[in-house]
Amino acid sequence: MNKKRFYKNIAIYSFLIIGYVLLYVVDIKGLINPTKEKQPKAKVEFIYQQF
Amino acid sequence: MRNLLIYHLVPFSISALLIGFSLLFISCLGLKPQEIKPELIHVSGASPIFRGYNSNLTTENNQANLAFSFKANNLTIFGSSEFNSSPYCPYFFLPDSSGIRAFGVGQGFHQSLSIFAECLAFEKEIEGKSITLILSPGWFESNGTNANSFIKFADKNLLNRIILNSNIPKNYTEYLGKYIYENQDEMESLSYQMEFLKTQYQNKLPVSISSLFGEMNQKIRDVIPVSYSFDTVVYLINDTSKTLSETKENVDYDIIEKSLRTKFINSVTNNPYFVNDDYYSKYMKGGGKRFVKPLYLSNNELADFEILVDFLTEKNVKLSVVMQPLNPYFYDNLEAMNPILDKVNSVLDEKEIPFLNLFTTETKNYEPGTLTDIMHFGNLGWTKVNSFLDSLNHE
């Protein structure tokens with residue numbers, strides 16, 4: 001068994017999981033600036049038209 | 001296969017375990033507050049509003065106006081794009097001519113779900129008050145409130161008040177959470193308040209792979225010390241408005257209606273639809289009639305309307321409802337709307353809620369001038385509404 005490769009992969013997977021947690025689970029922007037209000041935003045903006 | 005196990009699966013499992021234990025350790029430190037500690041924001045001041053309307057509740061001043069309207073026992077009217085500055089609109093006409101204090105909230109796309117969120121936010125204040133809903137048949141043509149409008153009308157202050165109010169039954173807050181959950185693909189980002197409501201609903205869902213995954217993500221969020229920051233807003237208002245005269249005039253609505261009808265018909269010169277000339281020139285010229293597609297009873301707008309009515313009746317609100325017509329000279333196949341509108345009628349009938357239904361499928365039953373265009377009340381239509389509300393609210 002190549003130990004170097006084994007430990008390198010542990011480091012890579014740890015890095016990937018931490019990255020996923022920070023980016024997609026806990027919202028890293030909120031961690032950096034917890035007092036900042038999070039603004040909701042829709043993907044499509046409806047503009048009211050008469051017709 | 002052996003390489004995959006040794007160099008990928010085992011390192012991945014070790015990494016996941018290491019991170020899991022790290023999170024467990026962080027959770028033991030107790031960095032995350034265990035409960036929401038509301039901070040109070042007081043919005044205070046004198047509110048002179050006893051007549052008029054606000055387009056939305058996205059400012060604290062407008063929210064305070066609505067709080068005042070309930071406190072002052074005004075007739076509060078919720079509607080949408082038909083609201084304008086005409087003196088015949090009930091929030092002007094009734095205070096000016098009948099001595100009934102009235103206040104409106106409405107703008108295009110302000111539909112049942114947004115009104116529901118606003119009423120939930122004022123759960124204590126609406127108890128026993130007078131509320132009128134002005135419905136548009138067009139709401140039921142859409143698949144309920146669109147995400148952009150929900151975000152716009154359900155302001156964070158209102159959502160804070162909903163989240164921090166333990167008197168609101170869970171089924172109502174979960175209904176909002178369900179909407180956010182089902183429409184999250186339409187939203188680029190959610191506020192903390194919306195995340196909270198969504199999660200509350202998600203936790204009720206039966207276990208599936210995606211919900212397990214969502215639950216795992218939520219557990220991780222729970223141990224990270226970035227907390228939701230919820231403030232609750234308290235509206236302190238001094239009533240400095242003039243007391244309206246106790247002497248109430250008797251308005252002869254028949255004479256007003258007759259005069260407005262004649263005036264409107266004489267003013268239409270460039271179209272056969274009984275639509276005001278400007279509107280026709282700007283939006284309709286060169287186009288044909290519009291065909292209404294069949295509507296089905298499994299309609300999000302109908303569900304939103306039903307839960308709104310349930311909540312308001314539960315709060316002993318003196319509720320009345322008005323249904324606007326669509327212009328039958330312009331729309332074809334209006335019968336397609338009947339199943340939905342019959343359902344609206346039966347919901348209100350069952351609860352004995354006064355209902356002014358001006359919708360009609362036939363031109364012979366439609367009075368030109370009721371609408372100024374194809375779907376918005378004109379002065380004649382507003383006068384019919386005023387007559388209806390006057391009879392309900394005149395003591």
# chains A, B, ... in the order shown; residues from 1 in each chain; ligands from 1
call {"tool": "interface_residues", "arguments": {"of": "chain B", "to": "chain A", "cutoff": "7 Å", "atoms": "only C-alpha atoms", "output": "list in words"}}
result
Tyr7, His8, Pro11, Phe12, Ile14, Ser15, Ala16, Gly108, Ala147, Asn148, Ile151, Glu186, Met187, Glu188, Ser189, Leu190, Ser191, Tyr192, Asn217, Arg221, Val226 and Tyr283 of chain B
call {"tool": "write_last_selection", "arguments": {"atoms": "N, CA, C and O atoms", "output": "compact mmCIF listing (two decimals), in the first residue's frame"}}
result
# COMPACT_ATOMS: atom_id res chain seq x y z
N TYR B 7 -7.80 3.41 -1.57
CA TYR B 7 -7.37 4.79 -1.82
C TYR B 7 -8.52 5.80 -1.92
O TYR B 7 -8.29 6.98 -2.00
N HIS B 8 -9.77 5.31 -1.94
CA HIS B 8 -10.88 6.26 -2.05
C HIS B 8 -11.92 6.07 -0.96
O HIS B 8 -12.20 6.99 -0.19
N PRO B 11 -10.25 6.40 2.69
CA PRO B 11 -9.90 7.80 3.01
C PRO B 11 -11.13 8.70 3.12
O PRO B 11 -11.20 9.55 4.00
N PHE B 12 -12.15 8.46 2.25
CA PHE B 12 -13.37 9.29 2.30
C PHE B 12 -14.08 9.08 3.64
O PHE B 12 -14.51 10.04 4.31
N ILE B 14 -12.77 8.01 6.46
CA ILE B 14 -11.96 8.59 7.55
C ILE B 14 -12.16 10.11 7.59
O ILE B 14 -12.36 10.70 8.65
N SER B 15 -12.16 10.75 6.42
CA SER B 15 -12.35 12.21 6.35
C SER B 15 -13.72 12.59 6.92
O SER B 15 -13.83 13.52 7.72
N ALA B 16 -14.76 11.84 6.49
CA ALA B 16 -16.12 12.15 6.96
C ALA B 16 -16.20 11.99 8.47
O ALA B 16 -16.80 12.82 9.17
N GLY B 108 -50.23 45.51 -7.78
CA GLY B 108 -50.24 44.35 -8.68
C GLY B 108 -49.49 43.16 -8.09
O GLY B 108 -48.43 43.33 -7.49
N ALA B 147 -42.82 33.79 -7.01
CA ALA B 147 -41.76 33.90 -5.99
C ALA B 147 -41.31 35.35 -5.79
O ALA B 147 -41.10 35.80 -4.66
N ASN B 148 -41.20 36.06 -6.88
CA ASN B 148 -40.73 37.44 -6.80
C ASN B 148 -41.68 38.30 -5.97
O ASN B 148 -41.25 39.12 -5.14
N ILE B 151 -41.49 37.37 -2.17
CA ILE B 151 -40.31 37.98 -1.56
C ILE B 151 -40.55 39.46 -1.31
O ILE B 151 -40.19 40.01 -0.27
N GLU B 186 -37.22 28.72 -7.75
CA GLU B 186 -37.48 30.02 -8.38
C GLU B 186 -36.72 31.14 -7.67
O GLU B 186 -36.79 32.29 -8.08
N MET B 187 -36.07 30.80 -6.56
CA MET B 187 -35.42 31.83 -5.75
C MET B 187 -33.91 31.64 -5.78
O MET B 187 -33.41 30.54 -5.56
N GLU B 188 -33.23 32.73 -6.01
CA GLU B 188 -31.77 32.69 -6.06
C GLU B 188 -31.20 32.57 -4.65
O GLU B 188 -30.24 31.86 -4.41
N SER B 189 -31.78 33.30 -3.72
CA SER B 189 -31.34 33.21 -2.32
C SER B 189 -32.52 33.45 -1.40
O SER B 189 -33.47 34.14 -1.76
N LEU B 190 -32.42 32.84 -0.21
CA LEU B 190 -33.49 32.98 0.79
C LEU B 190 -32.98 33.80 1.96
O LEU B 190 -31.79 33.75 2.28
N SER B 191 -33.87 34.53 2.61
CA SER B 191 -33.48 35.23 3.83
C SER B 191 -33.42 34.20 4.97
O SER B 191 -33.93 33.09 4.83
N TYR B 192 -32.84 34.58 6.11
CA TYR B 192 -32.81 33.67 7.25
C TYR B 192 -34.22 33.27 7.68
O TYR B 192 -34.48 32.14 8.06
N ASN B 217 -27.75 18.27 6.67
CA ASN B 217 -27.28 19.64 6.48
C ASN B 217 -27.77 20.55 7.59
O ASN B 217 -27.04 21.41 8.08
N ARG B 221 -25.77 22.85 10.29
CA ARG B 221 -26.04 24.28 10.52
C ARG B 221 -26.29 24.55 11.99
O ARG B 221 -25.90 25.59 12.53
N VAL B 226 -23.23 30.43 13.45
CA VAL B 226 -23.79 31.56 12.72
C VAL B 226 -25.30 31.44 12.90
O VAL B 226 -25.94 30.52 12.45
N TYR B 283 -52.78 49.67 -25.00
CA TYR B 283 -52.53 48.24 -24.80
C TYR B 283 -53.29 47.30 -25.75
O TYR B 283 -52.90 46.16 -25.92
call {"tool": "residues_around", "arguments": {"residues": "range 342-345 of chain B", "least_positions_apart": "6", "cutoff": "10 Å", "atoms": "only C-alpha atoms", "output": "compact mmCIF listing (two decimals) with N, CA, C and O atoms, in the first residue's frame"}}
result
# COMPACT_ATOMS: atom_id res chain seq x y z
N LEU B 297 -59.68 22.83 -10.37
CA LEU B 297 -59.89 23.12 -8.95
C LEU B 297 -58.63 22.93 -8.11
O LEU B 297 -58.52 23.47 -7.02
N LEU B 302 -56.43 29.14 -5.17
CA LEU B 302 -57.64 28.76 -4.44
C LEU B 302 -57.26 28.23 -3.05
O LEU B 302 -57.90 28.58 -2.05
N PHE B 305 -56.30 31.12 -0.92
CA PHE B 305 -57.49 31.87 -0.52
C PHE B 305 -58.22 31.15 0.61
O PHE B 305 -58.66 31.77 1.60
N GLU B 306 -58.33 29.82 0.49
CA GLU B 306 -59.06 29.06 1.51
C GLU B 306 -58.38 29.14 2.87
O GLU B 306 -59.05 29.33 3.89
N VAL B 321 -66.01 40.08 1.26
CA VAL B 321 -65.21 39.79 0.07
C VAL B 321 -65.92 40.35 -1.17
O VAL B 321 -67.14 40.30 -1.27
N MET B 323 -65.62 40.24 -5.46
CA MET B 323 -64.98 39.66 -6.64
C MET B 323 -65.16 40.62 -7.82
O MET B 323 -66.30 40.98 -8.16
N ILE B 353 -70.03 34.52 4.96
CA ILE B 353 -69.25 35.75 4.78
C ILE B 353 -69.90 36.59 3.69
O ILE B 353 -70.14 36.08 2.58
N PHE B 355 -70.55 38.58 0.53
CA PHE B 355 -69.79 38.45 -0.71
C PHE B 355 -70.48 39.24 -1.82
O PHE B 355 -71.64 38.98 -2.12
N LEU B 356 -69.77 40.19 -2.38
CA LEU B 356 -70.28 40.93 -3.54
C LEU B 356 -69.60 40.36 -4.77
O LEU B 356 -68.41 40.60 -5.00
N ASN B 357 -70.34 39.58 -5.53
CA ASN B 357 -69.76 38.93 -6.70
C ASN B 357 -70.19 39.67 -7.96
O ASN B 357 -71.33 39.55 -8.40
call {"tool": "residues_around", "arguments": {"residues": "range 383-395 of chain B", "least_positions_apart": "6", "cutoff": "7 Å", "atoms": "only C-alpha atoms", "output": "PyMOL selection string"}}
result
chain B and resi 88+90+94+253+257
call {"tool": "write_last_selection", "arguments": {"atoms": "all heavy atoms", "output": "PDB file, in the first residue's frame"}}
result
ATOM      1  N   TYR B  88     -63.233  57.734  -5.747  1.00  0.00           N
ATOM      2  CA  TYR B  88     -64.302  56.744  -5.571  1.00  0.00           C
ATOM      3  C   TYR B  88     -63.785  55.450  -4.928  1.00  0.00           C
ATOM      4  O   TYR B  88     -64.588  54.586  -4.573  1.00  0.00           O
ATOM      5  CB  TYR B  88     -64.969  56.427  -6.915  1.00  0.00           C
ATOM      6  CG  TYR B  88     -65.809  57.576  -7.420  1.00  0.00           C
ATOM      7  CD1 TYR B  88     -65.282  58.517  -8.300  1.00  0.00           C
ATOM      8  CD2 TYR B  88     -67.126  57.750  -7.000  1.00  0.00           C
ATOM      9  CE1 TYR B  88     -66.035  59.583  -8.752  1.00  0.00           C
ATOM     10  CE2 TYR B  88     -67.888  58.814  -7.439  1.00  0.00           C
ATOM     11  CZ  TYR B  88     -67.342  59.736  -8.321  1.00  0.00           C
ATOM     12  OH  TYR B  88     -68.102  60.785  -8.749  1.00  0.00           O
ATOM     13  N   PRO B  90     -62.818  52.973  -2.144  1.00  0.00           N
ATOM     14  CA  PRO B  90     -63.463  52.968  -0.822  1.00  0.00           C
ATOM     15  C   PRO B  90     -62.624  53.582   0.300  1.00  0.00           C
ATOM     16  O   PRO B  90     -63.187  54.138   1.239  1.00  0.00           O
ATOM     17  CB  PRO B  90     -63.750  51.495  -0.554  1.00  0.00           C
ATOM     18  CG  PRO B  90     -63.048  50.738  -1.615  1.00  0.00           C
ATOM     19  CD  PRO B  90     -62.793  51.637  -2.746  1.00  0.00           C
ATOM     20  N   LEU B  94     -65.368  56.210   1.429  1.00  0.00           N
ATOM     21  CA  LEU B  94     -66.085  55.890   2.671  1.00  0.00           C
ATOM     22  C   LEU B  94     -65.733  56.858   3.814  1.00  0.00           C
ATOM     23  O   LEU B  94     -66.641  57.347   4.496  1.00  0.00           O
ATOM     24  CB  LEU B  94     -65.845  54.432   3.079  1.00  0.00           C
ATOM     25  CG  LEU B  94     -66.449  53.388   2.124  1.00  0.00           C
ATOM     26  CD1 LEU B  94     -66.074  51.979   2.554  1.00  0.00           C
ATOM     27  CD2 LEU B  94     -67.967  53.511   2.056  1.00  0.00           C
ATOM     28  N   TYR B 253     -76.544  55.992  -3.563  1.00  0.00           N
ATOM     29  CA  TYR B 253     -75.644  55.317  -4.502  1.00  0.00           C
ATOM     30  C   TYR B 253     -76.267  55.138  -5.889  1.00  0.00           C
ATOM     31  O   TYR B 253     -75.564  55.122  -6.896  1.00  0.00           O
ATOM     32  CB  TYR B 253     -75.201  53.966  -3.921  1.00  0.00           C
ATOM     33  CG  TYR B 253     -74.222  54.133  -2.781  1.00  0.00           C
ATOM     34  CD1 TYR B 253     -74.636  54.050  -1.460  1.00  0.00           C
ATOM     35  CD2 TYR B 253     -72.888  54.411  -3.035  1.00  0.00           C
ATOM     36  CE1 TYR B 253     -73.744  54.233  -0.413  1.00  0.00           C
ATOM     37  CE2 TYR B 253     -71.981  54.594  -1.993  1.00  0.00           C
ATOM     38  CZ  TYR B 253     -72.414  54.499  -0.690  1.00  0.00           C
ATOM     39  OH  TYR B 253     -71.526  54.688   0.334  1.00  0.00           O
ATOM     40  N   GLU B 257     -74.345  56.054  -9.275  1.00  0.00           N
ATOM     41  CA  GLU B 257     -74.085  55.003 -10.282  1.00  0.00           C
ATOM     42  C   GLU B 257     -74.624  55.403 -11.658  1.00  0.00           C
ATOM     43  O   GLU B 257     -73.950  55.229 -12.674  1.00  0.00           O
ATOM     44  CB  GLU B 257     -74.733  53.679  -9.841  1.00  0.00           C
ATOM     45  CG  GLU B 257     -73.944  52.976  -8.756  1.00  0.00           C
ATOM     46  CD  GLU B 257     -74.484  51.590  -8.422  1.00  0.00           C
ATOM     47  OE1 GLU B 257     -75.120  50.967  -9.294  1.00  0.00           O
ATOM     48  OE2 GLU B 257     -74.263  51.136  -7.284  1.00  0.00           O
TER      49      GLU B 257
END
call {"tool": "residues_around", "arguments": {"residues": "Asn54 in chain B", "least_positions_apart": "4", "cutoff": "9 Å", "atoms": "only C-alpha atoms", "output": "short mmCIF file (atom, residue, chain, number, x, y, z; two decimals) with C-alpha atoms, in the first residue's frame"}}
result
data_model
loop_
_atom_site.label_atom_id
_atom_site.label_comp_id
_atom_site.auth_asym_id
_atom_site.auth_seq_id
_atom_site.Cartn_x
_atom_site.Cartn_y
_atom_site.Cartn_z
CA ASN B 62 -46.31 51.39 6.01
CA ASN B 65 -49.93 52.40 9.16
CA LEU B 66 -51.52 48.96 8.94
CA PHE B 103 -57.33 52.03 4.86
CA GLY B 104 -56.13 49.92 1.94
CA VAL B 105 -53.06 47.84 1.11
CA GLY B 106 -52.62 46.74 -2.47
CA GLN B 107 -50.56 46.63 -5.63
#
call {"tool": "residues_around", "arguments": {"residues": "Glu367 in chain B", "least_positions_apart": "5", "cutoff": "10 Å", "atoms": "only C-alpha atoms", "output": "ChimeraX atom specification"}}
result
/B:261,265,274,327,358,380-381
call {"tool": "write_last_selection", "arguments": {"atoms": "N, CA and C atoms", "output": "PDB file, in the first residue's frame"}}
result
ATOM      1  N   ARG B 261     -72.267  55.877 -14.879  1.00  0.00           N
ATOM      2  CA  ARG B 261     -72.480  54.974 -16.021  1.00  0.00           C
ATOM      3  C   ARG B 261     -72.588  55.795 -17.317  1.00  0.00           C
ATOM      4  N   ILE B 265     -69.889  55.788 -20.474  1.00  0.00           N
ATOM      5  CA  ILE B 265     -70.298  55.344 -21.820  1.00  0.00           C
ATOM      6  C   ILE B 265     -70.039  56.464 -22.837  1.00  0.00           C
ATOM      7  N   PHE B 274     -66.026  48.789 -24.377  1.00  0.00           N
ATOM      8  CA  PHE B 274     -66.278  49.602 -23.181  1.00  0.00           C
ATOM      9  C   PHE B 274     -65.036  49.651 -22.279  1.00  0.00           C
ATOM     10  N   ASN B 327     -63.914  41.875 -18.109  1.00  0.00           N
ATOM     11  CA  ASN B 327     -64.762  42.520 -19.115  1.00  0.00           C
ATOM     12  C   ASN B 327     -65.262  41.494 -20.148  1.00  0.00           C
ATOM     13  N   LEU B 358     -69.280  40.425  -8.554  1.00  0.00           N
ATOM     14  CA  LEU B 358     -69.614  41.195  -9.758  1.00  0.00           C
ATOM     15  C   LEU B 358     -69.189  40.476 -11.042  1.00  0.00           C
ATOM     16  N   LEU B 380     -67.532  53.463 -11.478  1.00  0.00           N
ATOM     17  CA  LEU B 380     -68.839  52.827 -11.272  1.00  0.00           C
ATOM     18  C   LEU B 380     -68.680  51.553 -10.429  1.00  0.00           C
ATOM     19  N   GLY B 381     -67.672  50.754 -10.748  1.00  0.00           N
ATOM     20  CA  GLY B 381     -67.409  49.529  -9.986  1.00  0.00           C
ATOM     21  C   GLY B 381     -67.103  49.847  -8.532  1.00  0.00           C
TER      22      GLY B 381
END
